[in-house]
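K.L.:
Coordinates in target.txt, compact mmCIF, C-alpha atoms, are listed below.
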# COMPACT_ATOMS: atom_id res chain seq x y z
CA MET A 1 -32.35 32.02 48.94
CA SER A 2 -31.79 33.43 45.48
CA GLY A 3 -29.86 31.69 42.70
CA LYS A 4 -30.30 28.54 40.68
CA LYS A 5 -31.17 25.36 42.46
CA LYS A 6 -28.55 22.68 42.73
CA ARG A 7 -29.00 18.95 42.74
CA ILE A 8 -26.98 16.66 45.00
CA ARG A 9 -25.66 13.51 43.31
CA HIS A 10 -23.20 11.10 44.94
CA GLY A 11 -22.20 13.82 47.41
CA LEU A 12 -21.42 16.35 44.61
CA GLU A 13 -23.36 19.45 43.69
CA PHE A 14 -24.53 19.93 40.09
CA SER A 15 -26.11 23.16 38.88
CA SER A 16 -28.68 23.20 36.11
CA ARG A 17 -25.89 24.49 33.83
CA ASP A 18 -23.89 21.33 34.60
CA ALA A 19 -26.97 19.28 33.83
CA CYS A 20 -27.27 20.98 30.44
CA LYS A 21 -23.60 20.26 29.72
CA ASN A 22 -24.16 16.65 30.73
CA SER A 23 -27.18 16.49 28.46
CA SER A 24 -25.21 17.97 25.55
CA PHE A 25 -22.37 15.52 26.11
CA SER A 26 -24.84 12.63 26.23
CA SER A 27 -26.43 13.75 22.95
CA ALA A 28 -23.03 14.03 21.29
CA SER A 29 -22.06 10.62 22.61
CA GLN A 30 -25.27 9.08 21.29
CA SER A 31 -24.63 10.73 17.92
CA VAL A 32 -21.12 9.25 17.77
CA ILE A 33 -22.44 5.79 18.65
CA PHE A 34 -25.21 6.07 16.03
CA ASN A 35 -22.81 7.18 13.30
CA ALA A 36 -20.31 4.47 14.22
CA ARG A 37 -23.04 1.83 13.98
CA LEU A 38 -24.15 3.29 10.65
CA TYR A 39 -20.56 3.21 9.39
CA PHE A 40 -19.94 -0.39 10.41
CA HIS A 41 -23.32 -1.40 8.99
CA SER A 42 -22.41 0.21 5.64
CA ILE A 43 -18.99 -1.48 5.67
CA SER A 44 -20.64 -4.84 6.41
CA ARG A 45 -23.20 -4.29 3.66
CA MET A 46 -20.46 -3.31 1.19
CA GLN A 47 -18.52 -6.45 2.07
CA HIS A 48 -21.61 -8.59 1.52
CA LEU A 49 -22.36 -6.95 -1.84
CA MET A 50 -18.77 -7.34 -3.03
CA ASP A 51 -18.75 -10.99 -1.95
CA SER A 52 -22.04 -11.74 -3.73
CA THR A 53 -20.98 -10.03 -6.99
CA PHE A 54 -17.47 -11.51 -7.16
CA ALA A 55 -18.24 -13.95 -10.01
CA LEU A 56 -19.80 -11.19 -12.12
CA ARG A 57 -16.80 -8.96 -11.52
CA ARG A 58 -14.32 -11.67 -12.55
CA LYS A 59 -16.30 -12.22 -15.75
CA GLU A 60 -16.16 -8.53 -16.61
CA ILE A 61 -12.44 -8.26 -15.83
CA VAL A 62 -11.07 -11.54 -17.17
CA CYS A 63 -13.48 -12.50 -19.93
CA ASN A 64 -14.87 -9.18 -21.14
CA GLU A 65 -11.56 -7.36 -20.55
CA LEU A 66 -13.20 -4.06 -19.67
CA PRO A 67 -10.86 -1.03 -19.45
CA VAL A 68 -9.52 -0.26 -15.99
CA ASN A 69 -11.29 3.10 -15.73
CA GLU A 70 -14.61 1.49 -16.57
CA ILE A 71 -14.09 -1.29 -14.02
CA LEU A 72 -13.27 1.21 -11.28
CA GLU A 73 -16.30 3.32 -12.20
CA ARG A 74 -18.56 0.27 -12.04
CA TRP A 75 -16.94 -1.01 -8.83
CA PRO A 76 -15.76 2.06 -6.86
CA ALA A 77 -15.18 -0.09 -3.76
CA LEU A 78 -12.03 -1.31 -5.52
CA LYS A 79 -10.55 2.12 -4.78
CA LEU A 80 -10.70 1.37 -1.04
CA GLU A 81 -7.72 -0.34 0.57
CA SER A 82 -9.91 -2.64 2.67
CA GLN A 83 -11.77 -3.87 -0.40
CA ILE A 84 -8.59 -4.25 -2.46
CA CYS A 85 -7.25 -6.54 0.27
CA ALA A 86 -10.58 -8.39 0.44
CA GLU A 87 -10.74 -8.82 -3.34
CA PHE A 88 -7.17 -10.10 -3.44
CA HIS A 89 -8.17 -12.70 -0.82
CA ARG A 90 -11.18 -13.68 -2.92
CA VAL A 91 -8.93 -14.23 -5.94
CA THR A 92 -5.97 -15.96 -4.25
CA ASN A 93 -7.20 -17.07 -0.79
CA VAL A 94 -4.10 -15.29 0.61
CA ASN A 95 -4.10 -12.51 3.22
CA LEU A 96 -2.35 -9.76 1.27
CA LYS A 97 -0.58 -7.69 3.92
CA ASN A 98 0.01 -10.42 6.47
CA ARG A 99 1.80 -12.61 3.93
CA PHE A 100 3.75 -9.82 2.27
CA PHE A 101 5.05 -8.10 5.39
CA ALA A 102 5.82 -11.36 7.17
CA GLN A 103 7.95 -12.49 4.24
CA LEU A 104 9.51 -9.09 3.59
CA ASP A 105 10.51 -8.68 7.24
CA GLN A 106 11.85 -12.17 7.84
CA HIS A 107 14.10 -12.45 4.80
CA THR A 108 17.62 -11.09 5.04
CA LEU A 109 17.18 -9.16 1.82
CA GLN A 110 18.87 -5.98 2.99
CA SER A 111 22.05 -7.81 4.02
CA LEU A 112 22.17 -9.52 0.61
CA PHE A 113 21.67 -6.21 -1.16
CA ARG A 114 24.39 -4.54 0.93
CA LYS A 115 26.76 -7.38 0.09
CA LYS A 116 26.03 -6.79 -3.59
CA ALA A 117 26.60 -3.04 -3.09
CA SER A 118 30.18 -3.67 -1.98
CA ARG A 119 31.09 -5.25 -5.32
CA THR A 120 31.75 -3.70 -8.73
CA GLY A 121 29.37 -3.17 -11.62
CA LYS A 122 26.45 -0.89 -12.47
CA ALA A 123 23.94 -2.66 -10.21
CA SER A 124 26.39 -2.55 -7.30
CA GLU A 125 27.00 1.17 -7.82
CA LEU A 126 23.26 1.90 -7.74
CA LEU A 127 22.83 -0.16 -4.58
CA ASP A 128 25.79 1.57 -2.97
CA GLN A 129 24.27 5.00 -3.69
CA LEU A 130 20.91 3.92 -2.31
CA PHE A 131 22.33 2.60 0.97
CA LYS A 132 24.45 5.72 1.43
CA ILE A 133 21.21 7.72 1.38
CA TYR A 134 19.59 5.16 3.69
CA ASP A 135 22.44 5.36 6.22
CA LEU A 136 22.04 9.14 6.42
CA GLN A 137 18.39 8.94 7.52
CA ASP A 138 17.76 10.57 10.89
CA GLN A 139 15.28 7.89 11.91
CA VAL A 140 15.05 4.34 10.63
CA ASP A 141 11.95 2.35 11.55
CA VAL A 142 10.27 -0.69 10.03
CA HIS A 143 8.68 1.42 7.30
CA VAL A 144 12.03 2.86 6.21
CA ARG A 145 13.63 -0.61 6.26
CA ARG A 146 10.85 -2.04 4.10
CA ALA A 147 11.08 0.90 1.71
CA ALA A 148 14.85 0.44 1.38
CA VAL A 149 14.43 -3.20 0.43
CA LEU A 150 11.77 -2.40 -2.16
CA ARG A 151 13.85 0.43 -3.63
CA ALA A 152 16.92 -1.85 -3.78
CA LEU A 153 15.17 -4.89 -5.28
CA PRO A 154 14.99 -3.59 -8.89
CA SER A 155 18.69 -2.64 -8.91
CA TYR A 156 19.62 -6.08 -7.57
CA MET A 157 17.58 -7.56 -10.42
CA HIS A 158 19.41 -5.32 -12.95
CA GLU A 159 16.17 -3.47 -13.68
CA SER A 160 15.35 0.24 -13.90
CA ASP A 161 12.64 1.77 -11.70
CA VAL A 162 12.97 5.30 -13.12
CA SER A 163 9.58 5.25 -14.85
CA PHE A 164 7.92 3.32 -11.99
CA PHE A 165 8.75 5.61 -9.06
CA LYS A 166 7.57 9.06 -10.11
CA MET A 167 8.93 11.88 -7.94
CA TRP A 168 6.88 15.05 -7.48
CA ASP A 169 8.43 18.11 -5.86
CA VAL A 170 5.35 20.18 -5.00
CA GLU A 171 7.39 23.40 -4.82
CA GLN A 172 8.63 22.94 -8.37
CA SER A 173 5.32 22.12 -10.09
CA ASP A 174 1.61 22.36 -9.33
CA GLU A 175 0.78 19.05 -11.00
CA PRO A 176 2.72 15.76 -11.15
CA ASP A 177 3.96 14.39 -14.46
CA ILE A 178 2.16 11.05 -14.61
CA ASN A 179 1.66 10.75 -18.35
CA ASP A 180 2.59 7.43 -19.95
CA VAL A 181 2.62 5.57 -16.61
CA PRO A 182 0.77 2.26 -17.03
CA LEU A 183 1.71 1.22 -13.47
CA GLY A 184 3.68 3.15 -10.89
CA LEU A 185 3.92 4.96 -7.57
CA LEU A 186 3.85 8.72 -7.13
CA LEU A 187 6.07 10.01 -4.31
CA SER A 188 5.65 13.65 -3.33
CA ASN A 189 7.23 16.08 -0.88
CA GLN A 190 6.86 19.79 -0.19
CA THR A 191 10.61 20.17 -0.63
CA SER A 192 13.39 18.23 -2.31
CA SER A 193 14.81 15.80 0.19
CA ASP A 194 16.54 12.43 0.31
CA ALA A 195 13.90 11.41 2.86
CA CYS A 196 11.38 11.31 -0.01
CA PHE A 197 13.34 8.34 -1.33
CA PHE A 198 12.03 6.14 1.50
CA CYS A 199 9.38 8.13 3.40
CA PRO A 200 7.54 10.57 1.12
CA GLU A 201 4.97 12.88 2.67
CA ARG A 202 2.38 11.51 0.24
CA ILE A 203 2.37 8.42 -1.92
CA ALA A 204 -0.21 7.30 -4.45
CA VAL A 205 -0.83 4.30 -6.68
CA LEU A 206 -0.90 5.05 -10.41
CA ILE A 207 -2.66 2.99 -13.06
CA GLU A 208 -2.90 4.11 -16.66
CA ASP A 209 -1.94 7.73 -15.89
CA ASN A 210 -4.49 8.07 -13.07
CA ILE A 211 -4.20 8.19 -9.29
CA VAL A 212 -6.26 5.28 -7.95
CA ILE A 213 -5.59 5.40 -4.21
CA GLU A 214 -3.21 6.99 -1.70
CA SER A 215 -1.32 4.95 0.90
CA SER A 216 0.45 5.71 4.16
CA THR A 217 3.85 4.16 3.36
CA LEU A 218 5.87 3.12 0.34
CA ALA A 219 5.58 -0.58 1.23
CA ASP A 220 1.79 -0.32 1.66
CA ALA A 221 1.47 1.44 -1.69
CA PHE A 222 3.65 -1.15 -3.42
CA ILE A 223 1.67 -4.15 -2.19
CA ILE A 224 -1.65 -2.45 -2.96
CA LEU A 225 -0.44 -1.87 -6.52
CA PHE A 226 0.68 -5.50 -6.70
CA ALA A 227 -2.77 -6.60 -5.53
CA LEU A 228 -4.46 -4.43 -8.15
CA THR A 229 -2.47 -6.13 -10.90
CA TYR A 230 -4.04 -9.42 -9.76
CA ILE A 231 -7.52 -8.01 -9.21
CA LEU A 232 -7.65 -6.09 -12.51
CA HIS A 233 -5.77 -8.75 -14.49
CA LEU A 234 -2.97 -6.38 -15.52
CA ASN A 235 0.48 -7.11 -16.89
CA TYR A 236 3.49 -6.27 -14.75
CA PRO A 237 5.61 -3.27 -15.80
CA LYS A 238 7.89 -4.44 -18.59
CA GLN A 239 10.95 -2.88 -16.99
CA LEU A 240 10.27 -4.63 -13.65
CA LEU A 241 9.27 -8.16 -14.64
CA ASN A 242 11.88 -9.81 -12.40
CA THR A 243 10.99 -7.59 -9.44
CA PHE A 244 7.28 -8.37 -9.60
CA ASP A 245 7.93 -12.03 -10.39
CA PHE A 246 10.02 -12.28 -7.20
CA VAL A 247 7.27 -10.67 -5.13
CA GLN A 248 4.62 -12.94 -6.64
CA LYS A 249 6.37 -16.29 -6.62
CA VAL A 250 8.89 -16.03 -3.78
CA LEU A 251 7.46 -13.58 -1.25
CA MET A 252 3.75 -14.25 -1.83
CA GLY A 253 4.12 -17.91 -2.86
CA LEU A 254 1.65 -17.59 -5.74
CA GLU A 255 1.78 -19.78 -8.86
CA ASP A 256 5.10 -21.29 -7.93
CA GLY A 257 6.11 -22.40 -11.41
CA LYS A 258 9.27 -21.85 -13.41
CA LEU A 259 11.28 -18.91 -12.11
CA ARG A 260 13.19 -16.42 -14.18
CA PRO A 261 16.99 -16.88 -13.86
CA ARG A 262 17.55 -13.74 -11.74
CA VAL A 263 14.58 -14.57 -9.52
CA MET A 264 15.86 -18.11 -9.05
CA SER A 265 19.31 -16.74 -8.20
CA LEU A 266 17.95 -14.45 -5.49
CA LYS A 267 15.74 -17.20 -4.10
CA ASN A 268 18.75 -19.52 -3.84
CA ASP A 269 20.79 -16.79 -2.15
CA LEU A 270 18.00 -16.37 0.43
CA LEU A 271 17.75 -20.11 1.07
CA ALA A 272 21.52 -20.25 1.58
CA VAL A 273 21.39 -17.80 4.50
CA LEU A 274 18.21 -19.04 6.19
Give the structure from this file in structure tokens form.
P.N.:
Amino acid sequence: MSGKKKRIRHGLEFSSRDACKNSSFSSASQSVIFNARLYFHSISRMQHLMDSTFALRRKEIVCNELPVNEILERWPALKLESQICAEFHRVTNVNLKNRFFAQLDQHTLQSLFRKKASRTGKASELLDQLFKIYDLQDQVDVHVRRAAVLRALPSYMHESDVSFFKMWDVEQSDEPDINDVPLGLLLSNQTSSDACFFCPERIAVLIEDNIVIESSTLADAFIILFALTYILHLNYPKQLLNTFDFVQKVLMGLEDGKLRPRVMSLKNDLLAVL
């Protein structure tokens, strides 16, 4: 009988062509497994190297006060989110994202900010405008809620975030204007939209006029930037001292010393409703 021979396996017929496909699939599968093992091995090795060189890195950053660009060139792993979180834990012994999001989500910050928005005054007007935009969002999930709180926090503290949140409309310009930005977040969209206020298509962390790392959400980018201020021993933005002080001392529970008056006021307001 002419034709290719077939092999019987578990009551099913497989041609030699099927066998070749099976072989190709097996090779691809083995390749994926090998590369995955290689990846996790490299991640594990990177973690070990960063752990073992922590003391040297702190000396360079804190004592030698090397410029940020030089530090990031010498330690490129500090441009990776996983290593930023790990380094923050090495410095503070605090899990960065777990602590931040747990505190941000449990506090009734949005209700306090909305209450403030219903009053009179410049801060109240800014909050009212922000929540009007928020209430028009087609979809509100946990990421939008977190972003709204972080966008409202500076206004509640009577601070300006104009030079911190840098908006980039890609249709209007090929390059973002990030000159004279010691610390900030770059929010970009293909088109002008109120949605960019809370959920930009792209968001990046800025340090000393350079993009350091991109993040998936506004809240993730904010806490990564906060962590980098600790890791790189940087000063908080002058126009947002109360905002960052609140995040550090109230939300993250770090160095719980004397609080600034506005930070103390917000902390007391939170305790009153818990």
K.L.:
Edge lengths and centre in Å to one decimal, as AutoDock Vina command-line options, of the axis-aligned box that encloses all listed atoms of range 195-211 of chain A with 3 Å added on every side?
P.N.:
--center_x 4.7 --center_y 7.9 --center_z -6.6 --size_x 24.4 --size_y 15.9 --size_z 26.1
K.L.:
Do you have the CA of Leu136 in chain A-CA of Lys97 in chain A distance handy?
P.N.:
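Between CA of Leu136 in chain A and CA of Lys97 in chain A the gap works out to 28.3 Å.
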K.L.:
Pick out the closest residue to Leu271 in chain A from this set: A:Ser82, A:Thr92, A:Thr108, A:Ser52. Count only C-alpha atoms.
P.N.:
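Nearest to Leu271 in chain A: A:Thr108.
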K.L.:
In terms of the shortest atom-to-atom distance over all atoms listed in the file, which of A:Glu87, A:Glu201, A:Thr243, A:Leu234 is closest to Ala152 in chain A?
P.N.:
A:Thr243
K.L.:
Residues around (-12.4, 2.4, -3.5), cut-off 12 Å, counting all atoms listed in the file - what are they as a ChimeraX atom specification?
P.N.:
/A:43,46,50,71-87,211-214,224,228
K.L.:
Those residues you just picked out, can you put them in a file as a compact mmCIF listing (two decimals), keeping the file's coordinate frame with C-alpha atoms?
P.N.:
# COMPACT_ATOMS: atom_id res chain seq x y z
CA ILE A 43 -18.99 -1.48 5.67
CA MET A 46 -20.46 -3.31 1.19
CA MET A 50 -18.77 -7.34 -3.03
CA ILE A 71 -14.09 -1.29 -14.02
CA LEU A 72 -13.27 1.21 -11.28
CA GLU A 73 -16.30 3.32 -12.20
CA ARG A 74 -18.56 0.27 -12.04
CA TRP A 75 -16.94 -1.01 -8.83
CA PRO A 76 -15.76 2.06 -6.86
CA ALA A 77 -15.18 -0.09 -3.76
CA LEU A 78 -12.03 -1.31 -5.52
CA LYS A 79 -10.55 2.12 -4.78
CA LEU A 80 -10.70 1.37 -1.04
CA GLU A 81 -7.72 -0.34 0.57
CA SER A 82 -9.91 -2.64 2.67
CA GLN A 83 -11.77 -3.87 -0.40
CA ILE A 84 -8.59 -4.25 -2.46
CA CYS A 85 -7.25 -6.54 0.27
CA ALA A 86 -10.58 -8.39 0.44
CA GLU A 87 -10.74 -8.82 -3.34
CA ILE A 211 -4.20 8.19 -9.29
CA VAL A 212 -6.26 5.28 -7.95
CA ILE A 213 -5.59 5.40 -4.21
CA GLU A 214 -3.21 6.99 -1.70
CA ILE A 224 -1.65 -2.45 -2.96
CA LEU A 228 -4.46 -4.43 -8.15
K.L.:
Find the distance between CA of Asn95 in chain A and CA of Ile207 in chain A and write it in Å to one decimal.
P.N.:
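If I compute the distance from CA of Asn95 in chain A to CA of Ile207 in chain A, I get 22.5 Å.
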K.L.:
Compare A:Leu241, A:Cys199, A:Val162, A:Leu251 by their minimum atom-to-atom distance to Phe101 in chain A, counting all atoms listed in the file, and give me the closest one.
P.N.:
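Checking each of A:Leu241, A:Cys199, A:Val162, A:Leu251 against Phe101 in chain A, counting all atoms listed in the file, the winner is A:Leu251.
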K.L.:
I want to know what sits within 10 Å of Asp220 in chain A, based on all atoms listed in the file, with residues of the same chain fewer than 2 positions away left out; could you give that as a ChimeraX atom specification?
P.N.:
/A:81,97,100-101,143,146-147,203-205,214-218,222-226
K.L.:
Tell me which of A:Trp168, A:Tyr156, A:Phe113, A:Phe88 sits closest to Val263 in chain A, counting all atoms listed in the file.
P.N.:
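That would be A:Tyr156, the residue with the smallest distance to Val263 in chain A.
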K.L.:
Determine the nearest neighbour of Ala221 in chain A from the options A:Leu186, A:Val273, A:Ile61, A:Ala102, counting only C-alpha atoms.
P.N.:
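So, comparing all the options, the nearest one is A:Leu186.
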K.L.:
Just the residues within 10 Å of Lys115 in chain A, please, counting only C-alpha atoms, with nothing from its chain fewer than 6 positions along; format it as a list in words.
P.N.:
Leu109, Ser124, Leu127 and Asp128 of chain A
K.L.:
Using only C-alpha atoms, please write the residues we just selected to a file, as an mmCIF file, in the frame of the given file.
P.N.:
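Produced file result-v3.cif, reproduced below:
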data_model
loop_
_atom_site.group_PDB
_atom_site.id
_atom_site.type_symbol
_atom_site.label_atom_id
_atom_site.label_comp_id
_atom_site.auth_asym_id
_atom_site.auth_seq_id
_atom_site.Cartn_x
_atom_site.Cartn_y
_atom_site.Cartn_z
ATOM 1 C CA LEU A 109 17.180 -9.160 1.820
ATOM 2 C CA SER A 124 26.390 -2.550 -7.300
ATOM 3 C CA LEU A 127 22.830 -0.160 -4.580
ATOM 4 C CA ASP A 128 25.790 1.570 -2.970
#
K.L.:
When you draw a straight line from CA of Met252 in chain A to CA of Gln47 in chain A, how long is it in Å?
P.N.:
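According to the coordinates, CA of Met252 in chain A and CA of Gln47 in chain A are separated by 23.9 Å.
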K.L.:
Could you check which of A:Arg57, A:Asn210, A:Asn98, A:Val144 is closest to Pro176 in chain A, using all atoms listed in the file?
P.N.:
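Nearest to Pro176 in chain A: A:Asn210.
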K.L.:
Quick one: residues within 8 Å of range 179-184 of chain A, all atoms listed in the file, excluding same-chain residues fewer than 3 positions away - as a PyMOL selection string?
P.N.:
chain A and resi 163-166+205-209+225+236-237
K.L.:
Save the residues we just selected, C-alpha atoms, as a PDB file, in the frame of the given file?
P.N.:
ATOM      1  CA  SER A 163       9.580   5.250 -14.850  1.00  0.00           C
ATOM      2  CA  PHE A 164       7.920   3.320 -11.990  1.00  0.00           C
ATOM      3  CA  PHE A 165       8.750   5.610  -9.060  1.00  0.00           C
ATOM      4  CA  LYS A 166       7.570   9.060 -10.110  1.00  0.00           C
ATOM      5  CA  VAL A 205      -0.830   4.300  -6.680  1.00  0.00           C
ATOM      6  CA  LEU A 206      -0.900   5.050 -10.410  1.00  0.00           C
ATOM      7  CA  ILE A 207      -2.660   2.990 -13.060  1.00  0.00           C
ATOM      8  CA  GLU A 208      -2.900   4.110 -16.660  1.00  0.00           C
ATOM      9  CA  ASP A 209      -1.940   7.730 -15.890  1.00  0.00           C
ATOM     10  CA  LEU A 225      -0.440  -1.870  -6.520  1.00  0.00           C
ATOM     11  CA  TYR A 236       3.490  -6.270 -14.750  1.00  0.00           C
ATOM     12  CA  PRO A 237       5.610  -3.270 -15.800  1.00  0.00           C
TER      13      PRO A 237
END
